[in-house]
Amino acid sequence: MTFFTKLTRVHRDKQVQDSLVMYAIKRELKLNNKEVSQLRGIAGFKRFVYNFGRDMLIASWNFEDVSASDSKRIDAIKKVFTSCIMKQPEYAWTKQYPSTVYQSAFIDLKDAVSRWRSGKSGFPRKKSKKIGDSFTVYKTSGIYPEKGRPALPFTNRVVIEAGSRIKLPGLKAFRLKERIDFTCSSQTFTVSRTANKWFVCFVIDADKIPPIIHPVQKAGMDLGVKTLATLSDGTKYSMPSTTKTAKTKLGKLQWRNRNKVIGNRREGIKPSLNARKYYERLSRQHARIANIRYDTTQKMTTDISRRIYNIPIEDLNVSGMIANHKLASAGARQLLL
C-alpha cells in the first residue's frame, strides 16, 4: 500500500511569509420575489453568454484559414457578441444587465478551456440551471493618477459598511441574513444559488497568518469504512448521526414522489405545482446533506492541521470501492477528502 504526503505544508509556509493573505466571506442574501427574479435573470444571461462563447469557439476550430490561440479566439468572439449580437432587436434584453456579467462569463470560459488544454479537467460542458445559478460582478472604474500606475486606494473597490446590507457593483443594495460586523472592501463579488437560497461571496485582505506550533510532528491517516478517518495516534473521526437521518429522509422523499416529473419543454409539457414543490424540497434536502458533510470534513481537517505537521494519507482505489455497492457509501466519502 502506497502513501502520498504533505498536507498544506508548503502552502502554509508561503502564507506565513506573505504580508497579506486573502480571506473569503460568504453570506446568505435575504431576498423578496422581485429580487429573486432579478438574480435568476442575471444568472440566465451569464449562462447564455457562456454557452454562446463555447459553441462559437468549437465552430471556429473548423476554420482552416484561421490560426490563433484559444484566448485570442475567445477575445474575437467577445467583440462579435458586443458589437453584433447585443445590437440585434431580439437580444435587446441583454442590455438591462451589467456588462461585467458577460465579461466574467468569457473570463470563466477562458479559464475552463485553459484547464482542459493543460489536462487539469475535462472539456467545458454547457451551463445548465439544474446544476445551479451563479454569476460574477466587479467594479471596473477607479482613479488612476498615471498610466501604468495602480489606482488610488479604494477607488476601484466597493466599500462594505458594517451591517446587514451589501451593495453589489452595477446592482442595488441587498439585505443579508447574517450581518457583517466590520467595514471592509472588495472588488469582485460572486452570487450563487444552492437549492432555493442565494449567497454572495467576496474576498478581503487580512493580516498575515501567525506561525502555528504543531505538537505532533508526523502521523498517518487511514480513511476507513466504519469511521470517516483514523489516525495512527488512535484518534478517530466519524460522520454524525444526522447524516444517516438526512439520507433516510431523502430516500423516502424520492420513493414517495418517484412518478413526478418536472416537465418537458421540448414536448410542451409544463410541470405541475406539486412537482415544482417536490423538486424544490428535493434540492433543499440534497443541500442539507452536502452541508453536513462539508461541515464535518472542515472540522476534521482543521483539527488535524492544528495538531499535526506532516500527514501521510492512505492511497486507496476509490473507484473500485464505489463499484462495490456495500462499500459505495463509505468509498464516496473518500472523494470528499
# chains A, B, ... in the order shown; residues from 1 in each chain; ligands from 1

$ select_by_dssp --residues "range 42-253 of chain A" --states "strand (DSSP E or B)" --output "PyMOL selection string"
chain A and resi 134-138+158-160+163-167+173-180+184-186+188-194+197-207+216-218+221-222+229-231+236-237

$ residues_around --residues "Ser164 in chain A" --least-positions-apart "3" --cutoff "12 Å" --atoms "only C-alpha atoms" --output "list of chain:residue names"
A:Arg27, A:Glu28, A:Leu29, A:Lys30, A:Ile160, A:Glu161, A:Lys167, A:Ala173, A:Phe174, A:Arg175, A:Leu176, A:Lys177, A:Glu178, A:Arg179, A:Ile180, A:Asp181, A:Phe182, A:Thr183

$ residues_around --residues "range 38-47 of chain A" --least-positions-apart "4" --cutoff "12 Å" --atoms "only C-alpha atoms" --output "ChimeraX atom specification"
/A:29,31-34,51-54,86,91-109,125-137,168,170-172,174,190-193,196-200

$ residues_around --residues "Ala219 in chain A" --least-positions-apart "3" --cutoff "12 Å" --atoms "only C-alpha atoms" --output "ChimeraX atom specification"
/A:5-7,214-216,222,230-235,304-305,307-314

$ write_last_selection --atoms "C-alpha atoms" --output "PDB file, in the first residue's frame"
ATOM      1  CA  THR A   5       2.276  13.182   1.686  1.00  0.00           C
ATOM      2  CA  LYS A   6       2.334  16.581   2.954  1.00  0.00           C
ATOM      3  CA  LEU A   7      -0.895  18.283   3.586  1.00  0.00           C
ATOM      4  CA  HIS A 214       2.205  21.646  15.930  1.00  0.00           C
ATOM      5  CA  PRO A 215       2.512  19.359  18.978  1.00  0.00           C
ATOM      6  CA  VAL A 216       2.762  16.253  16.745  1.00  0.00           C
ATOM      7  CA  ASP A 222      -6.366   5.772   7.353  1.00  0.00           C
ATOM      8  CA  THR A 230      -8.480   7.060  11.840  1.00  0.00           C
ATOM      9  CA  LEU A 231      -5.076   8.487  12.803  1.00  0.00           C
ATOM     10  CA  SER A 232      -2.061   6.464  13.836  1.00  0.00           C
ATOM     11  CA  ASP A 233      -2.197   8.013  17.328  1.00  0.00           C
ATOM     12  CA  GLY A 234      -5.627   6.405  17.884  1.00  0.00           C
ATOM     13  CA  THR A 235      -7.811   9.435  17.135  1.00  0.00           C
ATOM     14  CA  ILE A 304      -5.785  17.681  12.257  1.00  0.00           C
ATOM     15  CA  SER A 305      -3.878  20.570  10.670  1.00  0.00           C
ATOM     16  CA  ARG A 307      -2.182  19.298  15.829  1.00  0.00           C
ATOM     17  CA  ILE A 308      -0.057  17.525  13.221  1.00  0.00           C
ATOM     18  CA  TYR A 309       2.580  18.959  10.888  1.00  0.00           C
ATOM     19  CA  ASN A 310       3.198  16.126   8.395  1.00  0.00           C
ATOM     20  CA  ILE A 311       0.251  13.872   7.446  1.00  0.00           C
ATOM     21  CA  PRO A 312       0.733  10.845   5.143  1.00  0.00           C
ATOM     22  CA  ILE A 313      -2.624   9.763   3.697  1.00  0.00           C
ATOM     23  CA  GLU A 314      -3.573   6.279   2.560  1.00  0.00           C
TER      24      GLU A 314
END
